[in-house]
Amino acid sequence: MDERTTRSLLPLTTTVEEGERAARVALLPVGSLEQHGPHLPLVTDTVIACTVAAALADAHPVRVLPPLTLSCSHEHAAWPGTVSISARTLHAVVTDAADSLRRSGTPWLVLVNGHGGNHVLANVVQESGGAMALFPQAHEWQAARATAGMATDNDTDMHAGELETSVLLHAHPGMVGPAAAHADHVTGPRDHMPTLGLAPYTPNGVVGRPSLATADKGGRLLAALVDAFAGHLAALRRPDDQH
């Protein structure tokens, strides 16, 4: 991994730099370690969460934290390489991080979530009393798809498809394997996925159309997410305006 890639995925700031920044909002990328078909790496969700967070930090005065690389990927357990932690562990880690940030002077935390299976994060934010936000939410992913000109939607392109492959083609093209051109798999309803996992619905782990992905779509999607983020900052800061 070259230095440019490392800097885009991991914050390399010093304590002096963070002290001078005195950020009031921190971004915590939350990824996963799970199969992403034959063409994307296991760390795809982590890379995407970091890529989104870096784009947000380029446009807004926020601090980016190192990512959480293990999360709730139990639905992908049938494929080699997938590693999960429990929802209660993820809940504890995120709330501990938020508490630590508050004690050091950063009152607000945004969870930049790259994995749709991390349902517990919505509960963590609900419990925070206005001190945390979750981004992007499903409607924001969907709106960004439309802005980017993608042909698919959140349901038919759920995993390792047009969206995720496009983001990596834009930001880290070396991470996309040639199998993307032939890895499309579109399923019908996945009504029992929480019980059965993803394996009964796809032979190769893909739910979507990676063959439609382009770097241009990935860039436009990221730009749309940056635009959408301003509302979350305003919502977080509103309680502070009362003091």
# chains A, B, ... in the order shown; residues from 1 in each chain; ligands from 1
$ residues_around --residues "segment 208-219 of chain A" --least-positions-apart "3" --cutoff "9 Å" --atoms "only C-alpha atoms" --output "compact mmCIF listing (two decimals) with N, CA, C and O atoms, in the first residue's frame"
# COMPACT_ATOMS: atom_id res chain seq x y z
N HIS A 39 -14.51 -10.14 -6.82
CA HIS A 39 -13.80 -9.01 -7.43
C HIS A 39 -13.41 -7.89 -6.47
O HIS A 39 -12.64 -7.00 -6.85
N ARG A 145 -27.14 7.66 -5.33
CA ARG A 145 -27.17 6.80 -6.52
C ARG A 145 -27.81 7.54 -7.70
O ARG A 145 -27.29 7.51 -8.82
N THR A 147 -28.22 10.76 -8.20
CA THR A 147 -27.37 11.87 -8.65
C THR A 147 -26.20 11.36 -9.48
O THR A 147 -25.79 12.00 -10.45
N ALA A 148 -25.67 10.21 -9.11
CA ALA A 148 -24.52 9.65 -9.82
C ALA A 148 -24.90 8.99 -11.14
O ALA A 148 -24.02 8.61 -11.93
N GLY A 149 -26.21 8.83 -11.40
CA GLY A 149 -26.65 8.20 -12.64
C GLY A 149 -26.56 6.70 -12.63
O GLY A 149 -26.42 6.06 -13.69
N MET A 150 -26.67 6.10 -11.46
CA MET A 150 -26.60 4.64 -11.37
C MET A 150 -27.93 4.03 -11.80
O MET A 150 -29.00 4.60 -11.56
N ALA A 151 -27.84 2.85 -12.39
CA ALA A 151 -29.03 2.17 -12.90
C ALA A 151 -29.73 1.32 -11.85
O ALA A 151 -30.85 0.88 -12.07
N THR A 152 -29.06 1.11 -10.71
CA THR A 152 -29.57 0.20 -9.70
C THR A 152 -30.07 0.96 -8.47
O THR A 152 -29.86 2.17 -8.35
N ASP A 153 -30.72 0.23 -7.56
CA ASP A 153 -31.18 0.84 -6.31
C ASP A 153 -30.63 0.06 -5.12
O ASP A 153 -29.95 -0.96 -5.28
N ASP A 155 -31.98 -1.91 -3.01
CA ASP A 155 -32.45 -3.27 -2.81
C ASP A 155 -31.82 -4.25 -3.81
O ASP A 155 -31.31 -5.30 -3.42
N THR A 156 -31.85 -3.90 -5.08
CA THR A 156 -31.34 -4.82 -6.10
C THR A 156 -29.81 -4.82 -6.18
O THR A 156 -29.22 -5.74 -6.74
N ASP A 157 -29.19 -3.80 -5.63
CA ASP A 157 -27.73 -3.67 -5.68
C ASP A 157 -27.20 -3.56 -4.26
O ASP A 157 -26.49 -2.64 -3.90
N MET A 158 -27.52 -4.55 -3.44
CA MET A 158 -27.27 -4.47 -2.01
C MET A 158 -25.82 -4.69 -1.63
O MET A 158 -25.32 -4.14 -0.65
N HIS A 159 -25.09 -5.53 -2.40
CA HIS A 159 -23.79 -5.97 -1.91
C HIS A 159 -22.83 -6.27 -3.06
O HIS A 159 -23.14 -7.08 -3.94
N ALA A 160 -21.68 -5.57 -3.05
CA ALA A 160 -20.60 -5.80 -4.02
C ALA A 160 -21.04 -5.50 -5.45
O ALA A 160 -20.51 -6.09 -6.39
N GLY A 161 -21.99 -4.59 -5.59
CA GLY A 161 -22.54 -4.30 -6.90
C GLY A 161 -22.06 -3.01 -7.52
O GLY A 161 -20.89 -2.61 -7.35
N GLU A 162 -22.97 -2.33 -8.22
CA GLU A 162 -22.62 -1.12 -8.96
C GLU A 162 -22.08 -0.02 -8.04
O GLU A 162 -21.08 0.64 -8.37
N LEU A 163 -22.73 0.19 -6.90
CA LEU A 163 -22.32 1.29 -6.02
C LEU A 163 -20.94 1.05 -5.43
O LEU A 163 -20.03 1.88 -5.58
N GLU A 164 -20.76 -0.06 -4.75
CA GLU A 164 -19.49 -0.28 -4.07
C GLU A 164 -18.33 -0.39 -5.05
O GLU A 164 -17.24 0.15 -4.81
N THR A 165 -18.57 -1.04 -6.16
CA THR A 165 -17.50 -1.17 -7.15
C THR A 165 -17.16 0.17 -7.77
O THR A 165 -15.99 0.48 -8.02
N SER A 166 -18.16 1.03 -7.98
CA SER A 166 -17.91 2.36 -8.54
C SER A 166 -17.07 3.21 -7.59
O SER A 166 -16.14 3.93 -8.03
N VAL A 167 -17.37 3.17 -6.29
CA VAL A 167 -16.60 3.96 -5.33
C VAL A 167 -15.14 3.53 -5.34
O VAL A 167 -14.22 4.36 -5.35
N LEU A 168 -14.90 2.23 -5.36
CA LEU A 168 -13.51 1.76 -5.37
C LEU A 168 -12.83 2.05 -6.71
O LEU A 168 -11.64 2.38 -6.73
N LEU A 169 -13.54 1.96 -7.81
CA LEU A 169 -12.94 2.34 -9.10
C LEU A 169 -12.51 3.79 -9.10
O LEU A 169 -11.49 4.15 -9.70
N HIS A 170 -13.28 4.64 -8.42
CA HIS A 170 -12.94 6.06 -8.35
C HIS A 170 -11.77 6.31 -7.41
O HIS A 170 -10.82 7.02 -7.76
N ALA A 171 -11.84 5.74 -6.21
CA ALA A 171 -10.87 6.10 -5.16
C ALA A 171 -9.67 5.16 -5.08
O ALA A 171 -8.56 5.61 -4.76
N PRO A 173 -8.75 2.20 -7.55
CA PRO A 173 -9.03 1.27 -8.66
C PRO A 173 -8.23 -0.03 -8.60
O PRO A 173 -8.69 -1.06 -9.10
N ALA A 179 -12.78 -9.76 -12.32
CA ALA A 179 -14.02 -10.54 -12.26
C ALA A 179 -15.26 -9.65 -12.15
O ALA A 179 -16.38 -10.14 -12.33
N ALA A 180 -15.08 -8.36 -11.89
CA ALA A 180 -16.23 -7.45 -11.77
C ALA A 180 -17.10 -7.45 -13.03
O ALA A 180 -18.33 -7.29 -12.95
N ALA A 181 -16.49 -7.65 -14.18
CA ALA A 181 -17.23 -7.59 -15.43
C ALA A 181 -18.21 -8.75 -15.59
O ALA A 181 -19.15 -8.67 -16.40
N HIS A 182 -18.02 -9.83 -14.82
CA HIS A 182 -18.84 -11.02 -15.00
C HIS A 182 -19.44 -11.52 -13.68
O HIS A 182 -19.89 -12.67 -13.60
N ALA A 183 -19.48 -10.66 -12.65
CA ALA A 183 -19.91 -11.11 -11.33
C ALA A 183 -21.35 -10.75 -10.99
O ALA A 183 -21.81 -11.01 -9.88
N ASP A 184 -22.10 -10.17 -11.93
CA ASP A 184 -23.47 -9.74 -11.63
C ASP A 184 -24.33 -10.90 -11.13
O ASP A 184 -24.28 -12.02 -11.67
N HIS A 185 -25.11 -10.61 -10.09
CA HIS A 185 -26.11 -11.56 -9.63
C HIS A 185 -27.26 -10.78 -9.01
O HIS A 185 -27.07 -10.04 -8.03
N VAL A 186 -28.44 -10.89 -9.59
CA VAL A 186 -29.62 -10.19 -9.10
C VAL A 186 -30.58 -11.22 -8.52
O VAL A 186 -30.91 -12.21 -9.18
N THR A 187 -31.02 -11.00 -7.29
CA THR A 187 -31.90 -11.96 -6.62
C THR A 187 -33.33 -11.43 -6.59
O THR A 187 -33.59 -10.27 -6.87
N LEU A 222 -19.85 10.21 -4.34
CA LEU A 222 -19.17 10.80 -3.19
C LEU A 222 -19.49 12.29 -3.07
O LEU A 222 -19.73 12.80 -1.97
N ALA A 223 -19.51 12.99 -4.19
CA ALA A 223 -19.82 14.42 -4.17
C ALA A 223 -21.24 14.66 -3.65
O ALA A 223 -21.49 15.61 -2.89
N ALA A 224 -22.17 13.80 -4.04
CA ALA A 224 -23.55 13.94 -3.57
C ALA A 224 -23.64 13.71 -2.07
O ALA A 224 -24.39 14.38 -1.36
$ select_by_dssp --residues "segment 45-223 of chain A" --states "helix (DSSP H, G or I)" --output "ChimeraX atom specification"
/A:45-59,74-76,87-103,120-127,138-148,162-171,173-175,178-182,193-196,199-201,210-212,215-223
$ residues_around --residues "Val25 of chain A" --least-positions-apart "3" --cutoff "9 Å" --atoms "only C-alpha atoms" --output "PyMOL selection string"
chain A and resi 61-64+106-110+233+236
$ write_last_selection --atoms "C-alpha atoms" --output "compact mmCIF listing (two decimals), in the first residue's frame"
# COMPACT_ATOMS: atom_id res chain seq x y z
CA PRO A 61 -14.21 21.16 9.77
CA VAL A 62 -14.22 17.70 11.35
CA ARG A 63 -11.73 15.22 12.75
CA VAL A 64 -11.46 11.73 11.21
CA THR A 106 -15.13 16.76 21.18
CA PRO A 107 -18.84 16.57 22.04
CA TRP A 108 -20.25 15.17 18.79
CA LEU A 109 -19.56 11.93 16.93
CA VAL A 110 -20.75 10.89 13.48
CA LEU A 233 -23.75 18.91 11.12
CA LEU A 236 -25.72 18.07 15.88
$ residues_around --residues "Gly81 of chain A" --least-positions-apart "4" --cutoff "8 Å" --atoms "only C-alpha atoms" --output "PyMOL selection string"
chain A and resi 33-35+42
$ closest_residue --among "A:Pro136, A:Gly37, A:Gly129, A:Gly197" --to "Ala230 of chain A" --atoms "only C-alpha atoms"
A:Pro136
$ closest_residue --among "A:Asp191, A:Asp58, A:Glu127, A:Asp45" --to "Ser73 of chain A" --atoms "only C-alpha atoms"
A:Asp45
$ atom_distance --atom1 "atom CA of Ala228 of chain A" --atom2 "atom CA of Ser100 of chain A"
27.3 Å
$ atom_distance --atom1 "atom CA of Ala53 of chain A" --atom2 "atom CA of Glu20 of chain A"
20.2 Å
$ select_by_dssp --residues "segment 66-174 of chain A" --states "strand (DSSP E)" --output "PyMOL selection string"
chain A and resi 108-113+132-135
$ write_last_selection --atoms "N, CA, C and O atoms" --output "tab-separated table (two decimals), in the first residue's frame"
chain	number	residue	atom	x	y	z
A	108	TRP	N	-19.37	15.81	19.77
A	108	TRP	CA	-20.25	15.17	18.79
A	108	TRP	C	-19.49	14.14	17.96
A	108	TRP	O	-18.35	14.36	17.54
A	109	LEU	N	-20.16	13.03	17.70
A	109	LEU	CA	-19.56	11.93	16.93
A	109	LEU	C	-20.52	11.51	15.83
A	109	LEU	O	-21.70	11.27	16.08
A	110	VAL	N	-19.99	11.40	14.62
A	110	VAL	CA	-20.75	10.89	13.48
A	110	VAL	C	-20.22	9.51	13.13
A	110	VAL	O	-19.01	9.33	12.91
A	111	LEU	N	-21.10	8.54	13.08
A	111	LEU	CA	-20.75	7.19	12.66
A	111	LEU	C	-20.91	7.10	11.16
A	111	LEU	O	-22.03	7.15	10.64
A	112	VAL	N	-19.80	7.01	10.44
A	112	VAL	CA	-19.83	6.90	8.98
A	112	VAL	C	-19.84	5.42	8.66
A	112	VAL	O	-18.79	4.75	8.66
A	113	ASN	N	-21.01	4.89	8.40
A	113	ASN	CA	-21.20	3.44	8.33
A	113	ASN	C	-21.10	2.93	6.90
A	113	ASN	O	-21.82	3.39	6.01
A	132	MET	N	-24.90	12.23	18.71
A	132	MET	CA	-24.33	11.41	17.64
A	132	MET	C	-25.23	11.45	16.42
A	132	MET	O	-26.42	11.76	16.52
A	133	ALA	N	-24.63	11.14	15.27
A	133	ALA	CA	-25.39	11.03	14.03
A	133	ALA	C	-24.91	9.80	13.27
A	133	ALA	O	-23.79	9.33	13.47
A	134	LEU	N	-25.77	9.30	12.40
A	134	LEU	CA	-25.46	8.15	11.55
A	134	LEU	C	-25.51	8.59	10.10
A	134	LEU	O	-26.51	9.15	9.64
A	135	PHE	N	-24.42	8.33	9.37
A	135	PHE	CA	-24.33	8.78	7.98
A	135	PHE	C	-23.46	7.79	7.19
A	135	PHE	O	-22.47	7.30	7.72
$ closest_residue --among "A:Ala122, A:Leu225, A:Leu9, A:Glu17" --to "Val94 of chain A" --atoms "only C-alpha atoms"
A:Ala122
$ closest_residue --among "A:Gly31, A:Ile48, A:Thr14, A:Gly117" --to "Leu198 of chain A" --atoms "only C-alpha atoms"
A:Gly117
$ closest_residue --among "A:Val206, A:Ala146, A:Ala54, A:Ala138" --to "Arg7 of chain A" --atoms "only C-alpha atoms"
A:Ala54
$ closest_residue --among "A:Pro66, A:Gly116, A:Leu28, A:Val124" --to "Gln137 of chain A" --atoms "only C-alpha atoms"
A:Gly116
